[in-house]
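Here is the file work_22.pdb (PDB, N, CA and C atoms, pLDDT in the B column).
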```pdb
ATOM      1  N   MET A   1       1.987  -5.290 -13.900  1.00 96.00           N
ATOM      2  CA  MET A   1       3.336  -4.762 -13.924  1.00 96.00           C
ATOM      3  C   MET A   1       4.300  -5.921 -13.679  1.00 96.00           C
ATOM      4  N   LYS A   2       5.413  -5.921 -14.386  1.00 98.00           N
ATOM      5  CA  LYS A   2       6.473  -6.917 -14.213  1.00 98.00           C
ATOM      6  C   LYS A   2       7.669  -6.265 -13.557  1.00 98.00           C
ATOM      7  N   ILE A   3       8.099  -6.873 -12.462  1.00 98.00           N
ATOM      8  CA  ILE A   3       9.232  -6.353 -11.700  1.00 98.00           C
ATOM      9  C   ILE A   3      10.336  -7.399 -11.663  1.00 98.00           C
ATOM     10  N   LEU A   4      11.572  -6.940 -11.811  1.00 98.00           N
ATOM     11  CA  LEU A   4      12.744  -7.796 -11.614  1.00 98.00           C
ATOM     12  C   LEU A   4      13.516  -7.267 -10.416  1.00 98.00           C
ATOM     13  N   ILE A   5      13.852  -8.176  -9.512  1.00 98.00           N
ATOM     14  CA  ILE A   5      14.657  -7.821  -8.344  1.00 98.00           C
ATOM     15  C   ILE A   5      15.915  -8.681  -8.358  1.00 98.00           C
ATOM     16  N   THR A   6      17.071  -8.026  -8.438  1.00 97.00           N
ATOM     17  CA  THR A   6      18.322  -8.776  -8.314  1.00 97.00           C
ATOM     18  C   THR A   6      18.653  -8.871  -6.830  1.00 97.00           C
ATOM     19  N   GLY A   7      19.357  -9.909  -6.443  1.00 96.00           N
ATOM     20  CA  GLY A   7      19.634 -10.112  -5.024  1.00 96.00           C
ATOM     21  C   GLY A   7      18.381 -10.489  -4.268  1.00 96.00           C
ATOM     22  N   ILE A   8      17.499 -11.236  -4.918  1.00 97.00           N
ATOM     23  CA  ILE A   8      16.180 -11.564  -4.387  1.00 97.00           C
ATOM     24  C   ILE A   8      16.228 -12.391  -3.103  1.00 97.00           C
ATOM     25  N   ALA A   9      17.300 -13.137  -2.892  1.00 97.00           N
ATOM     26  CA  ALA A   9      17.374 -13.997  -1.703  1.00 97.00           C
ATOM     27  C   ALA A   9      18.028 -13.305  -0.512  1.00 97.00           C
ATOM     28  N   GLY A  10      18.474 -12.085  -0.704  1.00 96.00           N
ATOM     29  CA  GLY A  10      19.063 -11.326   0.398  1.00 96.00           C
ATOM     30  C   GLY A  10      17.990 -10.635   1.228  1.00 96.00           C
ATOM     31  N   MET A  11      18.408  -9.975   2.278  1.00 95.00           N
ATOM     32  CA  MET A  11      17.471  -9.340   3.203  1.00 95.00           C
ATOM     33  C   MET A  11      16.629  -8.261   2.514  1.00 95.00           C
ATOM     34  N   ILE A  12      17.263  -7.345   1.803  1.00 97.00           N
ATOM     35  CA  ILE A  12      16.523  -6.242   1.188  1.00 97.00           C
ATOM     36  C   ILE A  12      15.668  -6.746   0.023  1.00 97.00           C
ATOM     37  N   GLY A  13      16.255  -7.557  -0.840  1.00 97.00           N
ATOM     38  CA  GLY A  13      15.515  -8.073  -1.995  1.00 97.00           C
ATOM     39  C   GLY A  13      14.314  -8.907  -1.609  1.00 97.00           C
ATOM     40  N   SER A  14      14.475  -9.770  -0.625  1.00 97.00           N
ATOM     41  CA  SER A  14      13.362 -10.629  -0.207  1.00 97.00           C
ATOM     42  C   SER A  14      12.254  -9.822   0.456  1.00 97.00           C
ATOM     43  N   ASN A  15      12.619  -8.818   1.243  1.00 97.00           N
ATOM     44  CA  ASN A  15      11.594  -7.972   1.871  1.00 97.00           C
ATOM     45  C   ASN A  15      10.859  -7.125   0.837  1.00 97.00           C
ATOM     46  N   LEU A  16      11.570  -6.646  -0.170  1.00 98.00           N
ATOM     47  CA  LEU A  16      10.936  -5.892  -1.244  1.00 98.00           C
ATOM     48  C   LEU A  16       9.945  -6.787  -2.001  1.00 98.00           C
ATOM     49  N   ALA A  17      10.338  -8.015  -2.273  1.00 98.00           N
ATOM     50  CA  ALA A  17       9.443  -8.968  -2.946  1.00 98.00           C
ATOM     51  C   ALA A  17       8.213  -9.258  -2.088  1.00 98.00           C
ATOM     52  N   ASP A  18       8.403  -9.410  -0.786  1.00 97.00           N
ATOM     53  CA  ASP A  18       7.260  -9.642   0.110  1.00 97.00           C
ATOM     54  C   ASP A  18       6.279  -8.480   0.034  1.00 97.00           C
ATOM     55  N   TYR A  19       6.804  -7.267  -0.007  1.00 97.00           N
ATOM     56  CA  TYR A  19       5.957  -6.074  -0.097  1.00 97.00           C
ATOM     57  C   TYR A  19       5.147  -6.083  -1.395  1.00 97.00           C
ATOM     58  N   PHE A  20       5.813  -6.308  -2.529  1.00 97.00           N
ATOM     59  CA  PHE A  20       5.123  -6.281  -3.815  1.00 97.00           C
ATOM     60  C   PHE A  20       4.206  -7.485  -4.010  1.00 97.00           C
ATOM     61  N   SER A  21       4.471  -8.590  -3.351  1.00 96.00           N
ATOM     62  CA  SER A  21       3.660  -9.799  -3.536  1.00 96.00           C
ATOM     63  C   SER A  21       2.232  -9.619  -3.023  1.00 96.00           C
ATOM     64  N   LYS A  22       1.992  -8.587  -2.238  1.00 95.00           N
ATOM     65  CA  LYS A  22       0.637  -8.318  -1.727  1.00 95.00           C
ATOM     66  C   LYS A  22      -0.269  -7.740  -2.814  1.00 95.00           C
ATOM     67  N   ASN A  23       0.306  -7.278  -3.912  1.00 92.00           N
ATOM     68  CA  ASN A  23      -0.440  -6.707  -5.022  1.00 92.00           C
ATOM     69  C   ASN A  23      -0.641  -7.782  -6.091  1.00 92.00           C
ATOM     70  N   GLU A  24      -1.893  -8.098  -6.394  1.00 90.00           N
ATOM     71  CA  GLU A  24      -2.197  -9.149  -7.366  1.00 90.00           C
ATOM     72  C   GLU A  24      -1.843  -8.775  -8.798  1.00 90.00           C
ATOM     73  N   ASN A  25      -1.663  -7.499  -9.070  1.00 95.00           N
ATOM     74  CA  ASN A  25      -1.374  -7.040 -10.431  1.00 95.00           C
ATOM     75  C   ASN A  25       0.120  -6.970 -10.732  1.00 95.00           C
ATOM     76  N   VAL A  26       0.928  -7.582  -9.888  1.00 97.00           N
ATOM     77  CA  VAL A  26       2.378  -7.533 -10.048  1.00 97.00           C
ATOM     78  C   VAL A  26       2.920  -8.950 -10.239  1.00 97.00           C
ATOM     79  N   THR A  27       3.775  -9.105 -11.238  1.00 98.00           N
ATOM     80  CA  THR A  27       4.528 -10.344 -11.423  1.00 98.00           C
ATOM     81  C   THR A  27       5.966 -10.040 -11.038  1.00 98.00           C
ATOM     82  N   ILE A  28       6.510 -10.845 -10.136  1.00 98.00           N
ATOM     83  CA  ILE A  28       7.854 -10.593  -9.626  1.00 98.00           C
ATOM     84  C   ILE A  28       8.802 -11.691 -10.100  1.00 98.00           C
ATOM     85  N   HIS A  29       9.879 -11.265 -10.738  1.00 98.00           N
ATOM     86  CA  HIS A  29      10.968 -12.170 -11.089  1.00 98.00           C
ATOM     87  C   HIS A  29      12.139 -11.806 -10.184  1.00 98.00           C
ATOM     88  N   GLY A  30      12.894 -12.797  -9.790  1.00 98.00           N
ATOM     89  CA  GLY A  30      14.048 -12.548  -8.948  1.00 98.00           C
ATOM     90  C   GLY A  30      15.272 -13.281  -9.443  1.00 98.00           C
ATOM     91  N   ILE A  31      16.413 -12.620  -9.332  1.00 98.00           N
ATOM     92  CA  ILE A  31      17.699 -13.196  -9.716  1.00 98.00           C
ATOM     93  C   ILE A  31      18.599 -13.234  -8.489  1.00 98.00           C
ATOM     94  N   ASP A  32      19.271 -14.365  -8.304  1.00 97.00           N
ATOM     95  CA  ASP A  32      20.275 -14.481  -7.246  1.00 97.00           C
ATOM     96  C   ASP A  32      21.125 -15.701  -7.547  1.00 97.00           C
ATOM     97  N   ASP A  33      22.395 -15.638  -7.183  1.00 97.00           N
ATOM     98  CA  ASP A  33      23.247 -16.813  -7.369  1.00 97.00           C
ATOM     99  C   ASP A  33      23.393 -17.608  -6.068  1.00 97.00           C
ATOM    100  N   LEU A  34      22.754 -17.138  -5.015  1.00 96.00           N
ATOM    101  CA  LEU A  34      22.722 -17.794  -3.708  1.00 96.00           C
ATOM    102  C   LEU A  34      24.102 -17.947  -3.078  1.00 96.00           C
ATOM    103  N   SER A  35      25.036 -17.093  -3.470  1.00 94.00           N
ATOM    104  CA  SER A  35      26.387 -17.189  -2.907  1.00 94.00           C
ATOM    105  C   SER A  35      26.474 -16.591  -1.505  1.00 94.00           C
ATOM    106  N   GLY A  36      25.579 -15.674  -1.177  1.00 90.00           N
ATOM    107  CA  GLY A  36      25.616 -15.050   0.142  1.00 90.00           C
ATOM    108  C   GLY A  36      24.236 -14.911   0.751  1.00 90.00           C
ATOM    109  N   SER A  37      23.313 -15.733   0.287  1.00 92.00           N
ATOM    110  CA  SER A  37      21.937 -15.627   0.753  1.00 92.00           C
ATOM    111  C   SER A  37      21.288 -17.009   0.728  1.00 92.00           C
ATOM    112  N   TYR A  38      19.997 -17.044   1.046  1.00 94.00           N
ATOM    113  CA  TYR A  38      19.322 -18.336   1.222  1.00 94.00           C
ATOM    114  C   TYR A  38      18.041 -18.406   0.409  1.00 94.00           C
ATOM    115  N   ILE A  39      17.852 -19.519  -0.263  1.00 96.00           N
ATOM    116  CA  ILE A  39      16.659 -19.714  -1.089  1.00 96.00           C
ATOM    117  C   ILE A  39      15.388 -19.656  -0.247  1.00 96.00           C
ATOM    118  N   GLU A  40      15.480 -19.983   1.029  1.00 97.00           N
ATOM    119  CA  GLU A  40      14.321 -19.948   1.924  1.00 97.00           C
ATOM    120  C   GLU A  40      13.767 -18.532   2.094  1.00 97.00           C
ATOM    121  N   ASN A  41      14.572 -17.520   1.803  1.00 96.00           N
ATOM    122  CA  ASN A  41      14.131 -16.126   1.921  1.00 96.00           C
ATOM    123  C   ASN A  41      13.202 -15.696   0.792  1.00 96.00           C
ATOM    124  N   ILE A  42      13.160 -16.464  -0.289  1.00 98.00           N
ATOM    125  CA  ILE A  42      12.433 -16.047  -1.483  1.00 98.00           C
ATOM    126  C   ILE A  42      10.946 -16.361  -1.344  1.00 98.00           C
ATOM    127  N   ASN A  43      10.132 -15.344  -1.551  1.00 97.00           N
ATOM    128  CA  ASN A  43       8.677 -15.473  -1.507  1.00 97.00           C
ATOM    129  C   ASN A  43       8.222 -16.489  -2.557  1.00 97.00           C
ATOM    130  N   LYS A  44       7.220 -17.281  -2.222  1.00 96.00           N
ATOM    131  CA  LYS A  44       6.724 -18.337  -3.120  1.00 96.00           C
ATOM    132  C   LYS A  44       6.102 -17.779  -4.407  1.00 96.00           C
ATOM    133  N   LYS A  45       5.730 -16.509  -4.410  1.00 97.00           N
ATOM    134  CA  LYS A  45       5.131 -15.902  -5.603  1.00 97.00           C
ATOM    135  C   LYS A  45       6.175 -15.426  -6.617  1.00 97.00           C
ATOM    136  N   VAL A  46       7.433 -15.452  -6.228  1.00 98.00           N
ATOM    137  CA  VAL A  46       8.516 -14.982  -7.099  1.00 98.00           C
ATOM    138  C   VAL A  46       8.886 -16.055  -8.116  1.00 98.00           C
ATOM    139  N   ILE A  47       9.066 -15.639  -9.354  1.00 98.00           N
ATOM    140  CA  ILE A  47       9.619 -16.510 -10.388  1.00 98.00           C
ATOM    141  C   ILE A  47      11.134 -16.371 -10.262  1.00 98.00           C
ATOM    142  N   PHE A  48      11.764 -17.417  -9.756  1.00 98.00           N
ATOM    143  CA  PHE A  48      13.181 -17.350  -9.387  1.00 98.00           C
ATOM    144  C   PHE A  48      14.081 -17.823 -10.515  1.00 98.00           C
ATOM    145  N   HIS A  49      15.144 -17.054 -10.747  1.00 98.00           N
ATOM    146  CA  HIS A  49      16.163 -17.389 -11.752  1.00 98.00           C
ATOM    147  C   HIS A  49      17.503 -17.472 -11.025  1.00 98.00           C
ATOM    148  N   LYS A  50      18.021 -18.678 -10.874  1.00 97.00           N
ATOM    149  CA  LYS A  50      19.326 -18.841 -10.214  1.00 97.00           C
ATOM    150  C   LYS A  50      20.409 -18.588 -11.257  1.00 97.00           C
ATOM    151  N   CYS A  51      21.021 -17.431 -11.147  1.00 97.00           N
ATOM    152  CA  CYS A  51      22.098 -17.076 -12.068  1.00 97.00           C
ATOM    153  C   CYS A  51      22.898 -15.922 -11.476  1.00 97.00           C
ATOM    154  N   ASN A  52      24.015 -15.641 -12.112  1.00 96.00           N
ATOM    155  CA  ASN A  52      24.905 -14.572 -11.689  1.00 96.00           C
ATOM    156  C   ASN A  52      24.865 -13.485 -12.758  1.00 96.00           C
ATOM    157  N   ILE A  53      24.522 -12.267 -12.362  1.00 92.00           N
ATOM    158  CA  ILE A  53      24.377 -11.203 -13.361  1.00 92.00           C
ATOM    159  C   ILE A  53      25.691 -10.798 -14.015  1.00 92.00           C
ATOM    160  N   GLU A  54      26.804 -11.142 -13.398  1.00 93.00           N
ATOM    161  CA  GLU A  54      28.107 -10.804 -13.975  1.00 93.00           C
ATOM    162  C   GLU A  54      28.602 -11.838 -14.970  1.00 93.00           C
ATOM    163  N   THR A  55      28.267 -13.106 -14.747  1.00 96.00           N
ATOM    164  CA  THR A  55      28.823 -14.162 -15.598  1.00 96.00           C
ATOM    165  C   THR A  55      27.808 -14.798 -16.537  1.00 96.00           C
ATOM    166  N   ASP A  56      26.528 -14.700 -16.241  1.00 97.00           N
ATOM    167  CA  ASP A  56      25.482 -15.303 -17.075  1.00 97.00           C
ATOM    168  C   ASP A  56      24.822 -14.243 -17.967  1.00 97.00           C
ATOM    169  N   VAL A  57      25.645 -13.506 -18.663  1.00 96.00           N
ATOM    170  CA  VAL A  57      25.191 -12.348 -19.444  1.00 96.00           C
ATOM    171  C   VAL A  57      24.187 -12.743 -20.520  1.00 96.00           C
ATOM    172  N   ASP A  58      24.436 -13.819 -21.240  1.00 97.00           N
ATOM    173  CA  ASP A  58      23.518 -14.231 -22.305  1.00 97.00           C
ATOM    174  C   ASP A  58      22.142 -14.584 -21.741  1.00 97.00           C
ATOM    175  N   TYR A  59      22.118 -15.277 -20.608  1.00 97.00           N
ATOM    176  CA  TYR A  59      20.849 -15.624 -19.964  1.00 97.00           C
ATOM    177  C   TYR A  59      20.090 -14.353 -19.563  1.00 97.00           C
ATOM    178  N   ILE A  60      20.803 -13.398 -18.991  1.00 97.00           N
ATOM    179  CA  ILE A  60      20.192 -12.148 -18.550  1.00 97.00           C
ATOM    180  C   ILE A  60      19.631 -11.371 -19.746  1.00 97.00           C
ATOM    181  N   LYS A  61      20.380 -11.307 -20.832  1.00 97.00           N
ATOM    182  CA  LYS A  61      19.917 -10.607 -22.033  1.00 97.00           C
ATOM    183  C   LYS A  61      18.621 -11.215 -22.556  1.00 97.00           C
ATOM    184  N   GLU A  62      18.580 -12.531 -22.626  1.00 97.00           N
ATOM    185  CA  GLU A  62      17.381 -13.225 -23.107  1.00 97.00           C
ATOM    186  C   GLU A  62      16.204 -13.019 -22.165  1.00 97.00           C
ATOM    187  N   LEU A  63      16.471 -13.013 -20.868  1.00 98.00           N
ATOM    188  CA  LEU A  63      15.420 -12.785 -19.877  1.00 98.00           C
ATOM    189  C   LEU A  63      14.797 -11.399 -20.065  1.00 98.00           C
ATOM    190  N   PHE A  64      15.629 -10.387 -20.275  1.00 97.00           N
ATOM    191  CA  PHE A  64      15.128  -9.029 -20.494  1.00 97.00           C
ATOM    192  C   PHE A  64      14.316  -8.936 -21.785  1.00 97.00           C
ATOM    193  N   LYS A  65      14.782  -9.591 -22.836  1.00 97.00           N
ATOM    194  CA  LYS A  65      14.043  -9.581 -24.097  1.00 97.00           C
ATOM    195  C   LYS A  65      12.687 -10.257 -23.954  1.00 97.00           C
ATOM    196  N   LYS A  66      12.689 -11.391 -23.293  1.00 97.00           N
ATOM    197  CA  LYS A  66      11.470 -12.196 -23.154  1.00 97.00           C
ATOM    198  C   LYS A  66      10.446 -11.537 -22.236  1.00 97.00           C
ATOM    199  N   GLU A  67      10.871 -11.005 -21.118  1.00 97.00           N
ATOM    200  CA  GLU A  67       9.944 -10.534 -20.090  1.00 97.00           C
ATOM    201  C   GLU A  67       9.579  -9.060 -20.183  1.00 97.00           C
ATOM    202  N   ASN A  68      10.421  -8.237 -20.790  1.00 97.00           N
ATOM    203  CA  ASN A  68      10.125  -6.818 -20.954  1.00 97.00           C
ATOM    204  C   ASN A  68       9.666  -6.183 -19.626  1.00 97.00           C
ATOM    205  N   PHE A  69      10.549  -6.159 -18.657  1.00 98.00           N
ATOM    206  CA  PHE A  69      10.237  -5.673 -17.318  1.00 98.00           C
ATOM    207  C   PHE A  69       9.861  -4.194 -17.317  1.00 98.00           C
ATOM    208  N   ASP A  70       8.920  -3.845 -16.446  1.00 98.00           N
ATOM    209  CA  ASP A  70       8.531  -2.454 -16.258  1.00 98.00           C
ATOM    210  C   ASP A  70       9.475  -1.746 -15.292  1.00 98.00           C
ATOM    211  N   VAL A  71       9.934  -2.493 -14.278  1.00 97.00           N
ATOM    212  CA  VAL A  71      10.792  -1.924 -13.239  1.00 97.00           C
ATOM    213  C   VAL A  71      11.871  -2.937 -12.876  1.00 97.00           C
ATOM    214  N   VAL A  72      13.092  -2.454 -12.649  1.00 98.00           N
ATOM    215  CA  VAL A  72      14.191  -3.302 -12.184  1.00 98.00           C
ATOM    216  C   VAL A  72      14.763  -2.688 -10.921  1.00 98.00           C
ATOM    217  N   TYR A  73      14.824  -3.500  -9.861  1.00 98.00           N
ATOM    218  CA  TYR A  73      15.490  -3.112  -8.628  1.00 98.00           C
ATOM    219  C   TYR A  73      16.779  -3.907  -8.547  1.00 98.00           C
ATOM    220  N   HIS A  74      17.897  -3.230  -8.699  1.00 96.00           N
ATOM    221  CA  HIS A  74      19.197  -3.898  -8.685  1.00 96.00           C
ATOM    222  C   HIS A  74      19.799  -3.779  -7.295  1.00 96.00           C
ATOM    223  N   LEU A  75      19.718  -4.873  -6.556  1.00 92.00           N
ATOM    224  CA  LEU A  75      20.204  -4.892  -5.183  1.00 92.00           C
ATOM    225  C   LEU A  75      21.378  -5.837  -5.065  1.00 92.00           C
TER     226      LEU A  75
END
```
As C-alpha coordinates, what does this structure read like?
Amino acid sequence: MKILITGIAGMIGSNLADYFSKNENVTIHGIDDLSGSYIENINKKVIFHKCNIETDVDYIKELFKKENFDVVYHL
(Lines of atoms letter the chains of each structure in order from A and count residues from 1; the text may use other names and numbers.)
(Lines give C-alpha, C1' and ligand atoms only; values in the text may rest on other atoms or scores of the structure.)
Protein backbone atom coordinates (compact mmCIF):
# COMPACT_ATOMS: atom_id res chain seq x y z
CA MET A 1 0.00 0.00 0.00
CA LYS A 2 1.21 3.53 -0.80
CA ILE A 3 0.35 6.28 1.64
CA LEU A 4 0.85 10.03 1.31
CA ILE A 5 0.87 12.18 4.43
CA THR A 6 0.86 15.95 4.12
CA GLY A 7 2.29 17.84 7.08
CA ILE A 8 4.66 14.91 7.63
CA ALA A 9 7.08 16.90 9.80
CA GLY A 10 4.41 18.06 12.24
CA MET A 11 3.35 16.29 15.41
CA ILE A 12 0.33 14.44 13.99
CA GLY A 13 1.85 13.63 10.60
CA SER A 14 5.11 12.34 12.03
CA ASN A 15 3.34 10.17 14.61
CA LEU A 16 1.05 8.74 11.93
CA ALA A 17 4.11 7.90 9.81
CA ASP A 18 5.77 6.23 12.81
CA TYR A 19 2.67 4.08 13.27
CA PHE A 20 2.52 3.00 9.61
CA SER A 21 6.29 2.47 9.37
CA LYS A 22 5.92 -0.65 11.54
CA ASN A 23 4.16 -2.38 8.62
CA GLU A 24 6.59 -3.69 5.99
CA ASN A 25 3.90 -3.68 3.28
CA VAL A 26 3.48 0.10 3.40
CA THR A 27 5.40 2.74 1.47
CA ILE A 28 5.06 6.17 3.03
CA HIS A 29 5.56 9.43 1.18
CA GLY A 30 5.45 12.69 3.07
CA ILE A 31 5.03 16.30 2.03
CA ASP A 32 5.97 19.32 4.12
CA ASP A 33 7.42 22.75 3.46
CA LEU A 34 9.04 22.81 6.93
CA SER A 35 7.65 26.27 7.64
CA GLY A 36 6.26 25.28 11.04
CA SER A 37 7.84 21.92 11.72
CA TYR A 38 11.17 20.10 11.86
CA ILE A 39 12.82 17.66 9.48
CA GLU A 40 14.09 15.72 12.52
CA ASN A 41 10.49 14.61 13.17
CA ILE A 42 10.33 12.65 9.91
CA ASN A 43 10.74 8.88 10.17
CA LYS A 44 13.73 7.55 8.19
CA LYS A 45 11.44 5.19 6.23
CA VAL A 46 9.47 8.10 4.75
CA ILE A 47 10.15 9.25 1.20
CA PHE A 48 10.19 12.98 1.87
CA HIS A 49 9.12 15.66 -0.60
CA LYS A 50 9.93 19.21 0.51
CA CYS A 51 7.25 21.29 -1.15
CA ASN A 52 4.20 23.42 -0.49
CA ILE A 53 0.87 21.94 -1.55
CA GLU A 54 -0.56 25.39 -2.26
CA THR A 55 2.22 26.76 -4.46
CA ASP A 56 3.94 23.68 -5.95
CA VAL A 57 0.84 22.46 -7.77
CA ASP A 58 2.63 21.05 -10.82
CA TYR A 59 5.00 19.02 -8.62
CA ILE A 60 2.06 17.67 -6.61
CA LYS A 61 0.13 16.72 -9.77
CA GLU A 62 3.12 14.81 -11.14
CA LEU A 63 3.68 13.10 -7.79
CA PHE A 64 0.08 11.84 -7.76
CA LYS A 65 0.34 10.61 -11.34
CA LYS A 66 3.63 8.85 -10.73
CA GLU A 67 2.90 7.24 -7.36
CA ASN A 68 -0.83 6.43 -7.60
CA PHE A 69 -1.40 6.58 -3.83
CA ASP A 70 -3.88 4.25 -2.16
CA VAL A 71 -4.51 6.57 0.79
CA VAL A 72 -3.90 10.28 1.43
CA TYR A 73 -3.88 11.81 4.90
CA HIS A 74 -4.08 15.57 4.54
CA LEU A 75 -2.86 17.10 7.77
Legend entry - Counting only N, CA and C atoms, the residue of A:Ile53, A:Ala9, A:Leu16, A:Leu4 that sits nearest Glu40 of chain A: A:Ala9
Up to 8 Å from (21.4, -12.9, -8.0) in the file's coordinates: name the residues, counting all atoms listed in the file, as a PDB file with N, CA and C atoms, keeping the file's coordinate frame.
```pdb
ATOM      1  N   ILE A   5      13.852  -8.176  -9.512  1.00 98.00           N
ATOM      2  CA  ILE A   5      14.657  -7.821  -8.344  1.00 98.00           C
ATOM      3  C   ILE A   5      15.915  -8.681  -8.358  1.00 98.00           C
ATOM      4  N   THR A   6      17.071  -8.026  -8.438  1.00 97.00           N
ATOM      5  CA  THR A   6      18.322  -8.776  -8.314  1.00 97.00           C
ATOM      6  C   THR A   6      18.653  -8.871  -6.830  1.00 97.00           C
ATOM      7  N   GLY A   7      19.357  -9.909  -6.443  1.00 96.00           N
ATOM      8  CA  GLY A   7      19.634 -10.112  -5.024  1.00 96.00           C
ATOM      9  C   GLY A   7      18.381 -10.489  -4.268  1.00 96.00           C
ATOM     10  N   ILE A   8      17.499 -11.236  -4.918  1.00 97.00           N
ATOM     11  CA  ILE A   8      16.180 -11.564  -4.387  1.00 97.00           C
ATOM     12  C   ILE A   8      16.228 -12.391  -3.103  1.00 97.00           C
ATOM     13  N   ALA A   9      17.300 -13.137  -2.892  1.00 97.00           N
ATOM     14  CA  ALA A   9      17.374 -13.997  -1.703  1.00 97.00           C
ATOM     15  C   ALA A   9      18.028 -13.305  -0.512  1.00 97.00           C
ATOM     16  N   GLY A  10      18.474 -12.085  -0.704  1.00 96.00           N
ATOM     17  CA  GLY A  10      19.063 -11.326   0.398  1.00 96.00           C
ATOM     18  C   GLY A  10      17.990 -10.635   1.228  1.00 96.00           C
ATOM     19  N   GLY A  30      12.894 -12.797  -9.790  1.00 98.00           N
ATOM     20  CA  GLY A  30      14.048 -12.548  -8.948  1.00 98.00           C
ATOM     21  C   GLY A  30      15.272 -13.281  -9.443  1.00 98.00           C
ATOM     22  N   ILE A  31      16.413 -12.620  -9.332  1.00 98.00           N
ATOM     23  CA  ILE A  31      17.699 -13.196  -9.716  1.00 98.00           C
ATOM     24  C   ILE A  31      18.599 -13.234  -8.489  1.00 98.00           C
ATOM     25  N   ASP A  32      19.271 -14.365  -8.304  1.00 97.00           N
ATOM     26  CA  ASP A  32      20.275 -14.481  -7.246  1.00 97.00           C
ATOM     27  C   ASP A  32      21.125 -15.701  -7.547  1.00 97.00           C
ATOM     28  N   ASP A  33      22.395 -15.638  -7.183  1.00 97.00           N
ATOM     29  CA  ASP A  33      23.247 -16.813  -7.369  1.00 97.00           C
ATOM     30  C   ASP A  33      23.393 -17.608  -6.068  1.00 97.00           C
ATOM     31  N   LEU A  34      22.754 -17.138  -5.015  1.00 96.00           N
ATOM     32  CA  LEU A  34      22.722 -17.794  -3.708  1.00 96.00           C
ATOM     33  C   LEU A  34      24.102 -17.947  -3.078  1.00 96.00           C
ATOM     34  N   SER A  35      25.036 -17.093  -3.470  1.00 94.00           N
ATOM     35  CA  SER A  35      26.387 -17.189  -2.907  1.00 94.00           C
ATOM     36  C   SER A  35      26.474 -16.591  -1.505  1.00 94.00           C
ATOM     37  N   HIS A  49      15.144 -17.054 -10.747  1.00 98.00           N
ATOM     38  CA  HIS A  49      16.163 -17.389 -11.752  1.00 98.00           C
ATOM     39  C   HIS A  49      17.503 -17.472 -11.025  1.00 98.00           C
ATOM     40  N   LYS A  50      18.021 -18.678 -10.874  1.00 97.00           N
ATOM     41  CA  LYS A  50      19.326 -18.841 -10.214  1.00 97.00           C
ATOM     42  C   LYS A  50      20.409 -18.588 -11.257  1.00 97.00           C
ATOM     43  N   CYS A  51      21.021 -17.431 -11.147  1.00 97.00           N
ATOM     44  CA  CYS A  51      22.098 -17.076 -12.068  1.00 97.00           C
ATOM     45  C   CYS A  51      22.898 -15.922 -11.476  1.00 97.00           C
ATOM     46  N   ASN A  52      24.015 -15.641 -12.112  1.00 96.00           N
ATOM     47  CA  ASN A  52      24.905 -14.572 -11.689  1.00 96.00           C
ATOM     48  C   ASN A  52      24.865 -13.485 -12.758  1.00 96.00           C
ATOM     49  N   ILE A  53      24.522 -12.267 -12.362  1.00 92.00           N
ATOM     50  CA  ILE A  53      24.377 -11.203 -13.361  1.00 92.00           C
ATOM     51  C   ILE A  53      25.691 -10.798 -14.015  1.00 92.00           C
ATOM     52  N   GLU A  54      26.804 -11.142 -13.398  1.00 93.00           N
ATOM     53  CA  GLU A  54      28.107 -10.804 -13.975  1.00 93.00           C
ATOM     54  C   GLU A  54      28.602 -11.838 -14.970  1.00 93.00           C
ATOM     55  N   LEU A  75      19.718  -4.873  -6.556  1.00 92.00           N
ATOM     56  CA  LEU A  75      20.204  -4.892  -5.183  1.00 92.00           C
ATOM     57  C   LEU A  75      21.378  -5.837  -5.065  1.00 92.00           C
TER      58      LEU A  75
END
```
Inset, instruction - May I ask for the distance between atom CA of Lys61 of chain A and atom CA of Phe48 of chain A, given in Å to one decimal place? - result: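 Straight-line distance from atom CA of Lys61 of chain A to atom CA of Phe48 of chain A works out to 15.8 Å.
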Let me know the residues the PyMOL selection byres (((chain A and resi 72 and name CA) around 7) and name CA) catches in the file above, as a PDB file with N, CA and C atoms, keeping the file's coordinate frame.
```pdb
ATOM      1  N   ILE A   3       8.099  -6.873 -12.462  1.00 98.00           N
ATOM      2  CA  ILE A   3       9.232  -6.353 -11.700  1.00 98.00           C
ATOM      3  C   ILE A   3      10.336  -7.399 -11.663  1.00 98.00           C
ATOM      4  N   LEU A   4      11.572  -6.940 -11.811  1.00 98.00           N
ATOM      5  CA  LEU A   4      12.744  -7.796 -11.614  1.00 98.00           C
ATOM      6  C   LEU A   4      13.516  -7.267 -10.416  1.00 98.00           C
ATOM      7  N   ILE A   5      13.852  -8.176  -9.512  1.00 98.00           N
ATOM      8  CA  ILE A   5      14.657  -7.821  -8.344  1.00 98.00           C
ATOM      9  C   ILE A   5      15.915  -8.681  -8.358  1.00 98.00           C
ATOM     10  N   PHE A  69      10.549  -6.159 -18.657  1.00 98.00           N
ATOM     11  CA  PHE A  69      10.237  -5.673 -17.318  1.00 98.00           C
ATOM     12  C   PHE A  69       9.861  -4.194 -17.317  1.00 98.00           C
ATOM     13  N   VAL A  71       9.934  -2.493 -14.278  1.00 97.00           N
ATOM     14  CA  VAL A  71      10.792  -1.924 -13.239  1.00 97.00           C
ATOM     15  C   VAL A  71      11.871  -2.937 -12.876  1.00 97.00           C
ATOM     16  N   TYR A  73      14.824  -3.500  -9.861  1.00 98.00           N
ATOM     17  CA  TYR A  73      15.490  -3.112  -8.628  1.00 98.00           C
ATOM     18  C   TYR A  73      16.779  -3.907  -8.547  1.00 98.00           C
ATOM     19  N   HIS A  74      17.897  -3.230  -8.699  1.00 96.00           N
ATOM     20  CA  HIS A  74      19.197  -3.898  -8.685  1.00 96.00           C
ATOM     21  C   HIS A  74      19.799  -3.779  -7.295  1.00 96.00           C
TER      22      HIS A  74
END
```
Inset, instruction - Looking only at strand (DSSP E) from DSSP on the backbone, list the matching residues of chain A as a PyMOL selection string. - result: chain A and resi 2-6+27-32+47-50+71-74
Inset, instruction - Could you tell me which of A:Asp70, A:Ile12, A:Tyr59, A:Asn23 comes closest to Lys45 of chain A if we count only C-alpha atoms? - result: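 The answer is A:Asn23, which sits nearest to Lys45 of chain A.
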Inset, instruction - Using atom CA of Thr27 of chain A and atom C of Ile47 of chain A as the two end points, give the distance in Å to one decimal. - result: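 So the two atoms, atom CA of Thr27 of chain A and atom C of Ile47 of chain A, lie 9.0 Å apart.
You will find atom C of Glu62 of chain A at 16.1 Å from atom C of Val46 of chain A.
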Legend entry - Of the listed residues A:Ser14, A:Phe64, A:Val57, A:Met1, that which approaches Asn43 of chain A most closely, counting all atoms listed in the file: A:Ser14
Inset, instruction - Can you check which residues of chain A DSSP gives as alpha helix (DSSP H) on the backbone and send them as a PyMOL selection string? - result: chain A and resi 11-20+57-67
Inset, instruction - Step by step: start from the point (8.4, -10.2, -4.8) in the file's coordinates, keep every protein, DNA or RNA residue that has an atom no farther than 6 Å from it, count only C-alpha atoms, and write the set as JSON, numbers by chain. - result: {"A": [17, 18, 20, 21, 28, 46]}
The centre and edge lengths of an axis-aligned box containing all atoms of segment 38-43 of chain A present in the file, extended by 3 Å on each side, are to be given in Å to one decimal, as AutoDock Vina command-line options.
```
--center_x 14.1 --center_y -17.7 --center_z -0.2 --size_x 17.8 --size_y 10.6 --size_z 10.7
```
Inset, instruction - For each of A:Lys22, A:Asn15, A:Lys2, A:Gly36, take the minimum atom-to-atom distance to Glu67 of chain A, counting only C-alpha atoms, then give the residue where this is smallest. - result: A:Lys2
